[in-house]
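For reference, start.cif is printed below; it contains mmCIF, C-alpha atoms and all ligand atoms.
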data_structure
#
loop_
_atom_site.label_atom_id
_atom_site.label_comp_id
_atom_site.auth_asym_id
_atom_site.auth_seq_id
_atom_site.Cartn_x
_atom_site.Cartn_y
_atom_site.Cartn_z
CA MET A 1469 89.40 -58.34 1.78
CA ASN A 1470 86.48 -55.95 1.97
CA LEU A 1471 85.07 -55.54 5.47
CA THR A 1472 82.39 -53.76 7.43
CA LEU A 1473 83.55 -52.38 10.78
CA LYS A 1474 81.24 -51.42 13.60
CA ILE A 1475 83.32 -49.35 16.01
CA TRP A 1476 82.49 -47.78 19.38
CA ARG A 1477 82.88 -44.00 19.05
CA GLN A 1478 82.75 -41.84 22.16
CA LYS A 1479 84.04 -38.25 22.25
CA ASN A 1480 85.00 -38.29 25.93
CA ALA A 1481 84.14 -39.80 29.30
CA ASN A 1482 80.93 -37.77 29.58
CA HIS A 1483 79.65 -38.48 26.06
CA LYS A 1484 77.15 -41.33 25.64
CA GLY A 1485 78.87 -43.05 22.70
CA SER A 1486 77.53 -45.45 20.06
CA MET A 1487 78.58 -48.00 17.44
CA VAL A 1488 79.42 -46.40 14.08
CA LYS A 1489 79.56 -48.33 10.80
CA TYR A 1490 82.52 -48.06 8.38
CA SER A 1491 83.38 -49.86 5.13
CA ILE A 1492 86.97 -50.68 4.34
CA GLN A 1493 88.39 -52.19 1.14
CA ASN A 1494 91.49 -54.05 -0.07
CA ILE A 1495 92.72 -55.19 3.33
CA SER A 1496 95.58 -57.70 3.08
CA PRO A 1497 95.20 -60.89 5.16
CA ASP A 1498 98.83 -60.34 6.19
CA MET A 1499 98.07 -57.03 7.89
CA SER A 1500 97.84 -56.88 11.65
CA PHE A 1501 94.54 -55.77 13.16
CA LEU A 1502 96.06 -52.43 14.19
CA GLU A 1503 97.45 -51.88 10.67
CA MET A 1504 93.91 -52.37 9.39
CA LEU A 1505 92.76 -49.66 11.84
CA ASP A 1506 95.63 -47.43 10.60
CA VAL A 1507 94.25 -47.79 7.05
CA LEU A 1508 90.80 -46.80 8.28
CA ASN A 1509 92.22 -43.80 10.14
CA ILE A 1510 94.11 -42.58 7.06
CA GLN A 1511 90.81 -42.76 5.12
CA LEU A 1512 89.02 -40.84 7.87
CA ILE A 1513 91.72 -38.15 8.11
CA GLU A 1514 91.79 -37.74 4.31
CA SER A 1515 88.03 -37.21 4.27
CA GLY A 1516 88.25 -34.62 7.07
CA LYS A 1517 86.80 -36.88 9.77
CA GLU A 1518 88.06 -37.60 13.29
CA PRO A 1519 90.26 -40.77 13.38
CA VAL A 1520 89.39 -43.60 15.76
CA ALA A 1521 91.39 -43.34 19.03
CA PHE A 1522 92.93 -46.64 20.14
CA ASP A 1523 95.84 -47.54 22.44
CA HIS A 1524 99.05 -49.04 21.08
CA ASP A 1525 102.79 -48.85 21.62
CA CYS A 1526 105.12 -51.80 21.02
CA ARG A 1527 102.89 -53.60 18.49
CA GLU A 1528 104.68 -56.84 19.35
CA GLY A 1529 102.77 -58.20 22.33
CA ILE A 1530 105.02 -56.83 25.05
CA CYS A 1531 103.68 -53.55 26.43
CA GLY A 1532 100.02 -54.41 27.10
CA SER A 1533 98.76 -51.12 25.64
CA CYS A 1534 96.46 -52.49 22.95
CA SER A 1535 93.10 -53.31 24.45
CA LEU A 1536 90.41 -54.05 21.91
CA PHE A 1537 87.28 -56.12 22.43
CA ILE A 1538 86.85 -57.68 18.98
CA ASN A 1539 83.70 -59.61 18.10
CA GLY A 1540 82.93 -60.03 21.78
CA GLU A 1541 86.38 -61.26 22.85
CA ALA A 1542 89.26 -59.41 24.47
CA HIS A 1543 92.07 -59.28 21.86
CA GLY A 1544 89.81 -61.01 19.31
CA PRO A 1545 89.31 -64.55 18.07
CA ASP A 1546 92.92 -65.83 18.15
CA ARG A 1547 94.45 -67.40 21.27
CA ARG A 1548 97.56 -66.27 23.20
CA VAL A 1549 97.92 -63.09 21.12
CA THR A 1550 97.31 -59.41 21.79
CA SER A 1551 95.24 -57.22 19.45
CA CYS A 1552 98.47 -55.95 17.86
CA GLN A 1553 99.54 -59.52 17.02
CA LEU A 1554 96.15 -60.53 15.66
CA HIS A 1555 96.24 -60.88 11.86
CA MET A 1556 93.51 -60.13 9.37
CA ARG A 1557 93.79 -63.70 8.05
CA LYS A 1558 91.66 -64.67 11.06
CA PHE A 1559 88.73 -62.95 9.29
CA LYS A 1560 86.99 -63.57 5.96
CA ASP A 1561 86.20 -61.29 3.04
CA GLY A 1562 82.77 -59.71 3.62
CA ASP A 1563 82.92 -60.10 7.42
CA THR A 1564 81.41 -57.55 9.78
CA ILE A 1565 83.76 -56.92 12.72
CA PHE A 1566 82.58 -55.36 15.98
CA ILE A 1567 85.26 -53.36 17.83
CA GLU A 1568 84.66 -52.07 21.35
CA PRO A 1569 86.80 -50.85 24.26
CA PHE A 1570 87.56 -53.03 27.29
CA ARG A 1571 84.57 -52.43 29.53
CA ALA A 1572 84.74 -52.35 33.35
CA LYS A 1573 83.76 -49.82 36.00
CA ALA A 1574 87.41 -49.58 37.05
CA PHE A 1575 88.48 -48.92 33.41
CA PRO A 1576 86.55 -45.74 32.50
CA ILE A 1577 86.50 -44.83 28.80
CA ILE A 1578 88.68 -41.84 27.88
CA LYS A 1579 87.82 -41.70 24.17
CA ASP A 1580 86.57 -44.20 21.56
CA LEU A 1581 88.54 -47.41 22.23
CA VAL A 1582 90.92 -45.94 24.82
CA VAL A 1583 90.27 -46.76 28.47
CA ASP A 1584 91.98 -45.58 31.63
CA ARG A 1585 93.85 -48.55 33.12
CA SER A 1586 95.73 -46.53 35.75
CA ALA A 1587 93.96 -48.62 38.41
CA PHE A 1588 96.49 -51.35 37.52
CA ASP A 1589 99.37 -48.91 38.13
CA ARG A 1590 97.98 -48.02 41.55
CA ILE A 1591 97.74 -51.72 42.48
CA GLN A 1592 101.36 -52.19 41.41
CA HIS A 1593 102.44 -49.14 43.43
CA ALA A 1594 100.73 -50.64 46.49
CA GLY A 1595 103.17 -53.58 46.58
CA GLY A 1596 104.31 -54.90 43.21
CA PHE A 1597 108.02 -54.42 43.92
CA ILE A 1598 110.90 -55.74 46.01
CA SER A 1599 113.51 -53.83 47.99
CA VAL A 1600 117.09 -54.67 47.06
CA ASN A 1601 120.41 -53.42 48.30
CA THR A 1602 121.80 -51.11 45.63
CA SER A 1603 124.63 -49.71 47.80
CA GLY A 1604 127.35 -51.42 45.83
CA ASN A 1605 127.18 -54.62 47.89
CA THR A 1606 124.31 -56.01 45.84
CA LEU A 1607 124.09 -59.79 45.99
CA ASP A 1608 124.35 -61.38 42.54
CA GLY A 1609 120.91 -62.82 41.75
CA ASN A 1610 122.58 -65.97 40.37
CA ALA A 1611 124.18 -66.65 43.79
CA ILE A 1612 120.76 -67.33 45.38
CA PRO A 1613 119.69 -70.96 44.89
CA ILE A 1614 116.18 -71.25 43.41
CA SER A 1615 114.61 -74.50 42.25
CA LYS A 1616 113.94 -74.83 38.52
CA LYS A 1617 110.26 -75.47 39.24
CA ALA A 1618 109.89 -72.24 41.28
CA ALA A 1619 111.91 -70.22 38.76
CA ASP A 1620 109.74 -71.46 35.87
CA LYS A 1621 106.48 -70.68 37.69
CA ALA A 1622 107.73 -67.22 38.71
CA MET A 1623 108.78 -66.51 35.12
CA ASP A 1624 105.40 -67.68 33.83
CA ALA A 1625 103.65 -65.29 36.24
CA ALA A 1626 106.02 -62.47 35.26
CA THR A 1627 104.93 -62.69 31.63
CA CYS A 1628 101.73 -60.80 32.53
CA ILE A 1629 101.81 -57.59 30.47
CA GLY A 1630 99.06 -55.80 32.42
CA CYS A 1631 96.77 -55.51 29.41
CA GLY A 1632 93.50 -55.91 31.33
CA ALA A 1633 91.96 -58.54 29.05
CA CYS A 1634 91.26 -60.65 32.14
CA VAL A 1635 89.14 -57.85 33.60
CA ALA A 1636 87.32 -57.21 30.32
CA SER A 1637 86.52 -60.93 29.89
CA CYS A 1638 85.26 -61.48 33.42
CA LYS A 1639 81.53 -61.16 34.11
CA ASN A 1640 82.50 -59.69 37.52
CA SER A 1641 85.25 -57.41 36.10
CA SER A 1642 87.64 -59.13 38.46
CA ALA A 1643 91.34 -58.23 38.34
CA MET A 1644 92.39 -61.29 40.31
CA LEU A 1645 94.33 -62.94 37.46
CA PHE A 1646 96.44 -59.80 37.03
CA VAL A 1647 96.97 -59.28 40.77
CA GLY A 1648 97.55 -63.01 41.30
CA ALA A 1649 100.29 -62.97 38.63
CA LYS A 1650 101.97 -59.88 40.12
CA ILE A 1651 101.94 -61.42 43.62
CA SER A 1652 103.04 -64.87 42.44
CA GLN A 1653 106.13 -63.67 40.60
CA TYR A 1654 107.56 -62.59 43.98
CA ALA A 1655 105.87 -65.10 46.29
CA LEU A 1656 107.69 -67.92 44.51
CA LEU A 1657 111.16 -66.42 44.92
CA PRO A 1658 113.37 -65.84 48.00
CA GLN A 1659 113.76 -62.16 46.99
CA GLY A 1660 110.02 -61.67 47.40
CA GLN A 1661 109.76 -63.01 50.96
CA VAL A 1662 110.82 -59.90 52.91
CA GLU A 1663 107.71 -57.86 52.02
CA ALA A 1664 105.44 -60.82 51.21
CA SER A 1665 102.77 -60.20 53.88
CA GLU A 1666 102.52 -56.44 53.35
CA ARG A 1667 102.58 -56.89 49.56
CA VAL A 1668 99.60 -59.20 49.33
CA LYS A 1669 97.53 -57.27 51.89
CA ASN A 1670 98.21 -53.88 50.26
CA MET A 1671 97.69 -55.04 46.68
CA VAL A 1672 94.44 -56.85 47.44
CA GLU A 1673 93.19 -53.84 49.42
CA GLN A 1674 94.00 -51.50 46.50
CA MET A 1675 92.34 -53.90 44.03
CA ASP A 1676 89.13 -53.75 46.07
CA LEU A 1677 89.35 -49.96 46.43
CA GLU A 1678 89.56 -49.59 42.65
CA GLY A 1679 86.18 -51.28 42.27
CA PHE A 1680 87.16 -54.58 40.61
CA GLY A 1681 84.81 -57.48 41.25
CA ASN A 1682 85.49 -60.81 42.88
CA CYS A 1683 86.50 -64.12 41.27
CA THR A 1684 83.78 -66.75 40.90
CA ASN A 1685 86.00 -69.32 39.12
CA THR A 1686 84.44 -68.92 35.68
CA GLY A 1687 87.87 -69.06 34.04
CA ALA A 1688 87.16 -66.66 31.15
CA CYS A 1689 90.23 -64.62 32.19
CA GLU A 1690 92.58 -67.57 31.67
CA VAL A 1691 91.04 -68.36 28.27
CA GLU A 1692 91.37 -64.80 26.96
CA CYS A 1693 94.71 -63.91 28.56
CA PRO A 1694 97.22 -63.35 25.74
CA LYS A 1695 100.06 -64.63 27.94
CA GLY A 1696 98.38 -67.79 29.20
CA ILE A 1697 98.49 -66.73 32.85
CA SER A 1698 97.08 -69.65 34.84
CA LEU A 1699 94.23 -69.56 37.38
CA GLU A 1700 96.73 -71.24 39.70
CA ASN A 1701 98.03 -67.70 40.37
CA ILE A 1702 94.67 -66.66 41.84
CA ALA A 1703 94.75 -69.66 44.17
CA ARG A 1704 98.32 -68.74 45.21
CA MET A 1705 97.27 -65.13 45.88
CA ASN A 1706 94.43 -66.36 48.11
CA ARG A 1707 96.83 -68.62 50.02
CA GLU A 1708 99.34 -65.78 50.42
CA LEU A 1709 96.56 -63.51 51.72
CA LEU A 1710 95.36 -66.09 54.23
CA LYS A 1711 98.93 -66.66 55.42
CA ALA A 1712 99.46 -62.90 55.84
CA GLN A 1713 96.15 -62.47 57.73
CA LEU A 1714 96.96 -65.35 60.08
CA LYS A 1715 100.34 -63.76 60.83
CA GLY A 1716 98.45 -60.62 61.80
S1 LIG B 1 96.75 -61.71 33.50
FE1 LIG B 1 96.78 -61.87 31.24
S2 LIG B 1 94.93 -60.78 30.58
FE2 LIG B 1 95.35 -60.14 32.70
S3 LIG B 1 96.58 -58.30 32.55
FE3 LIG B 1 98.04 -60.03 32.70
S4 LIG B 1 98.48 -60.57 30.57
FE4 LIG B 1 96.63 -59.28 30.49
S1 LIG B 2 100.76 -52.64 21.37
FE1 LIG B 2 102.09 -53.48 22.90
S2 LIG B 2 101.11 -55.36 23.41
FE2 LIG B 2 99.91 -54.61 21.75
#

Representation of the structure as structure tokens:
Amino acid sequence: MNLTLKIWRQKNANHKGSMVKYSIQNISPDMSFLEMLDVLNIQLIESGKEPVAFDHDCREGICGSCSLFINGEAHGPDRRVTSCQLHMRKFKDGDTIFIEPFRAKAFPIIKDLVVDRSAFDRIQHAGGFISVNTSGNTLDGNAIPISKKAADKAMDAATCIGCGACVASCKNSSAMLFVGAKISQYALLPQGQVEASERVKNMVEQMDLEGFGNCTNTGACEVECPKGISLENIARMNRELLKAQLKG
């Protein structure tokens, strides 16, 4: 396939940035989207130009590093896949593809397509953990009875990879799908009950401090989430918060 790429180039956080046009030839439909960008970068390096900076690590949909806004959609036109799992067969020969970084006030651009998502880490640090006894008398997790329904829902919430596509897709740059998933994975389990009130209050407070917007039930986050995290997790987070506030 021969393609035209229009890619956001920005030297650093202070630079204005703009879309730059590139032509790329002989791309296999079996390549992943990131492999296609690797081919472009090899061309750029060989011609003495600066390669395009983009985030990636596992390249198998696990780490949440890749964060491209492709043709106006977070992670591109496929569903339930990350940018690294998107294949070039989703595009046609002669296509023009627009590639931009995830955009949100709380995700400032570092360079080109790389954004700073450390706001998510700070939200996690505020409460996205449980305290367990590691003294040698640790209770075997399998000895605690948990209903299949609760276990399944907690596991579904725990599949969130923290990519930030929900924020990038939301007109309000809301992080509530991410935070809802991180709260739900513990709220549904007995192990998460000890710190439940503090967790939800601290995480929601940190989310607001980071400058993420509010949820207005548009649902774009759920549509674009590569892991299919359900809006139900936002509702659960709101219930958990109300419960914690009523407790005082
Ligand atoms: S909720 Fe989905 S889109 Fe948002 S960070 Fe988690 S995996 Fe990514
Ligand atoms: S590079 Fe790890 S999820 Fe895409």

### Task
Residues within 8 Å of ligand LIG 2 (chain B) should be enumerated using all atoms listed in the file and returned as a ChimeraX atom specification.
/A:1523-1535,1550-1553,1629,1631

### Query
So which residues are near ligand LIG 1 (chain B), meaning at most 9 Å away with all atoms listed in the file counted, given back as a ChimeraX atom specification?
/A:1532,1542,1550,1588,1625-1637,1643-1650,1689-1698

### Task
Please identify all polymer residues within 9 Å of Ser1491 of chain A, counting all atoms listed in the file, omitting same-chain residues fewer than 4 positions from it, and present them as a list of chain:residue names.
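The filter keeps A:Asn1470, A:Leu1471, A:Thr1472, A:Leu1473, A:Lys1474, A:Leu1508.
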
### Residues within 8 Å of Ile1591 of chain A, all atoms listed in the file, excluding chain neighbours under 5 positions, as a list in words
Gly1596, Val1647, Met1671, Val1672, Gln1674 and Met1675 of chain A

#### Entry: Length of the atom CA of Gln1653 of chain A to atom CA of Arg1704 of chain A vector [Å]
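Rounded to one decimal, the two atoms are 10.4 Å apart.
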
Kindly provide, as AutoDock Vina command-line options, the centre and edge lengths (Å, one decimal) of an axis-aligned box around all atoms of segment 1705-1709 of chain A given in the file, with 5 Å on each side.
--center_x 96.9 --center_y -66.1 --center_z 48.8 --size_x 14.9 --size_y 15.1 --size_z 15.8

Skipping near chain neighbours, those fewer than 4 positions away, what residues fall within 10 Å of Asp1506 of chain A using only C-alpha atoms, listed as a PDB file with C-alpha atoms, in the coordinates of the input?
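Contents of around_16.pdb, as written:
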ATOM      1  CA  SER A1500      97.840 -56.880  11.650  1.00  0.00           C
ATOM      2  CA  PHE A1501      94.540 -55.770  13.160  1.00  0.00           C
ATOM      3  CA  LEU A1502      96.060 -52.430  14.190  1.00  0.00           C
ATOM      4  CA  ILE A1510      94.110 -42.580   7.060  1.00  0.00           C
ATOM      5  CA  GLN A1511      90.810 -42.760   5.120  1.00  0.00           C
ATOM      6  CA  LEU A1512      89.020 -40.840   7.870  1.00  0.00           C
ATOM      7  CA  PRO A1519      90.260 -40.770  13.380  1.00  0.00           C
ATOM      8  CA  VAL A1520      89.390 -43.600  15.760  1.00  0.00           C
ATOM      9  CA  PHE A1522      92.930 -46.640  20.140  1.00  0.00           C
TER      10      PHE A1522
END

### Task
Within 12 Å of Glu1678 of chain A, counting all atoms listed in the file, which residues show up once you throw out same-chain ones fewer than 5 positions away? Write them as a ChimeraX atom specification, please.
/A:1572-1576,1584-1591,1594,1641-1643,1671-1673

### Message
I'd like to know which of A:Gln1661, A:Gln1478, A:Thr1564, A:Asn1682 is closest to Ile1578 of chain A, using all atoms listed in the file.
### Response
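Comparing A:Gln1661, A:Gln1478, A:Thr1564, A:Asn1682 against Ile1578 of chain A, the winner is A:Gln1478.
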
### Task
Calculate how many Å separate atom CA of Asn1640 of chain A from atom CA of Asp1676 of chain A, rounding to one decimal.
12.3 Å

### Task
Go through A:Val1662, A:Ile1492, A:Met1469, A:Leu1677 one by one, measure the shortest atom-to-atom distance of each to Val1600 of chain A using only C-alpha atoms, and give the residue with the smallest value.
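Selected residue with least distance to Val1600 of chain A: A:Val1662.
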
### Shortest interatomic distance to Phe1566 of chain A - which of A:Phe1680, A:Tyr1490, A:Tyr1654, A:Phe1597, counting all atoms listed in the file
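Comparing A:Phe1680, A:Tyr1490, A:Tyr1654, A:Phe1597 against Phe1566 of chain A, the winner is A:Tyr1490.
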
### Task
Find the residue from A:Ser1486, A:Ser1496, A:Asn1480, A:Thr1684 that sits nearest to Val1582 of chain A; use all atoms listed in the file when measuring.
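Ranking A:Ser1486, A:Ser1496, A:Asn1480, A:Thr1684 by distance to Val1582 of chain A, first place goes to A:Asn1480.
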
### Task
Dig up all the protein and nucleic acid residues within 8 Å of (104.5, -63.7, 46.6) in the file frame, using only C-alpha atoms, and format them as a ChimeraX atom specification.
/A:1650-1657,1660-1661,1664,1667-1668,1705,1708

### Query
What does the distance between atom CA of Thr1606 of chain A and atom CA of Lys1669 of chain A come to in Å, to one decimal place?
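Interatomic distance, atom CA of Thr1606 of chain A to atom CA of Lys1669 of chain A: 27.5 Å.
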
Tell me which protein, DNA and RNA residues are within 7 Å of Leu1581 of chain A, counting all atoms listed in the file, leaving out same-chain ones fewer than 3 positions away, and put them as a PDB file with C-alpha atoms, keeping the file's coordinate frame.
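Final file, around.pdb:
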ATOM      1  CA  TRP A1476      82.490 -47.780  19.380  1.00  0.00           C
ATOM      2  CA  ALA A1521      91.390 -43.340  19.030  1.00  0.00           C
ATOM      3  CA  PHE A1522      92.930 -46.640  20.140  1.00  0.00           C
ATOM      4  CA  LEU A1536      90.410 -54.050  21.910  1.00  0.00           C
ATOM      5  CA  GLU A1568      84.660 -52.070  21.350  1.00  0.00           C
ATOM      6  CA  PRO A1569      86.800 -50.850  24.260  1.00  0.00           C
TER       7      PRO A1569
END

### Task
Rank A:Asn1482, A:Ser1665, A:Asn1685, A:Asn1610 by their smallest atom-to-atom distance to Ala1703 of chain A, using all atoms listed in the file, and report the top residue only.
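The closest residue to Ala1703 of chain A is A:Asn1685.
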
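Of the listed residues (A:Ile1612, A:Gly1604, A:Glu1518, A:His1593), A:Glu1518 comes nearest to Lys1479 of chain A; the distances count all atoms listed in the file.
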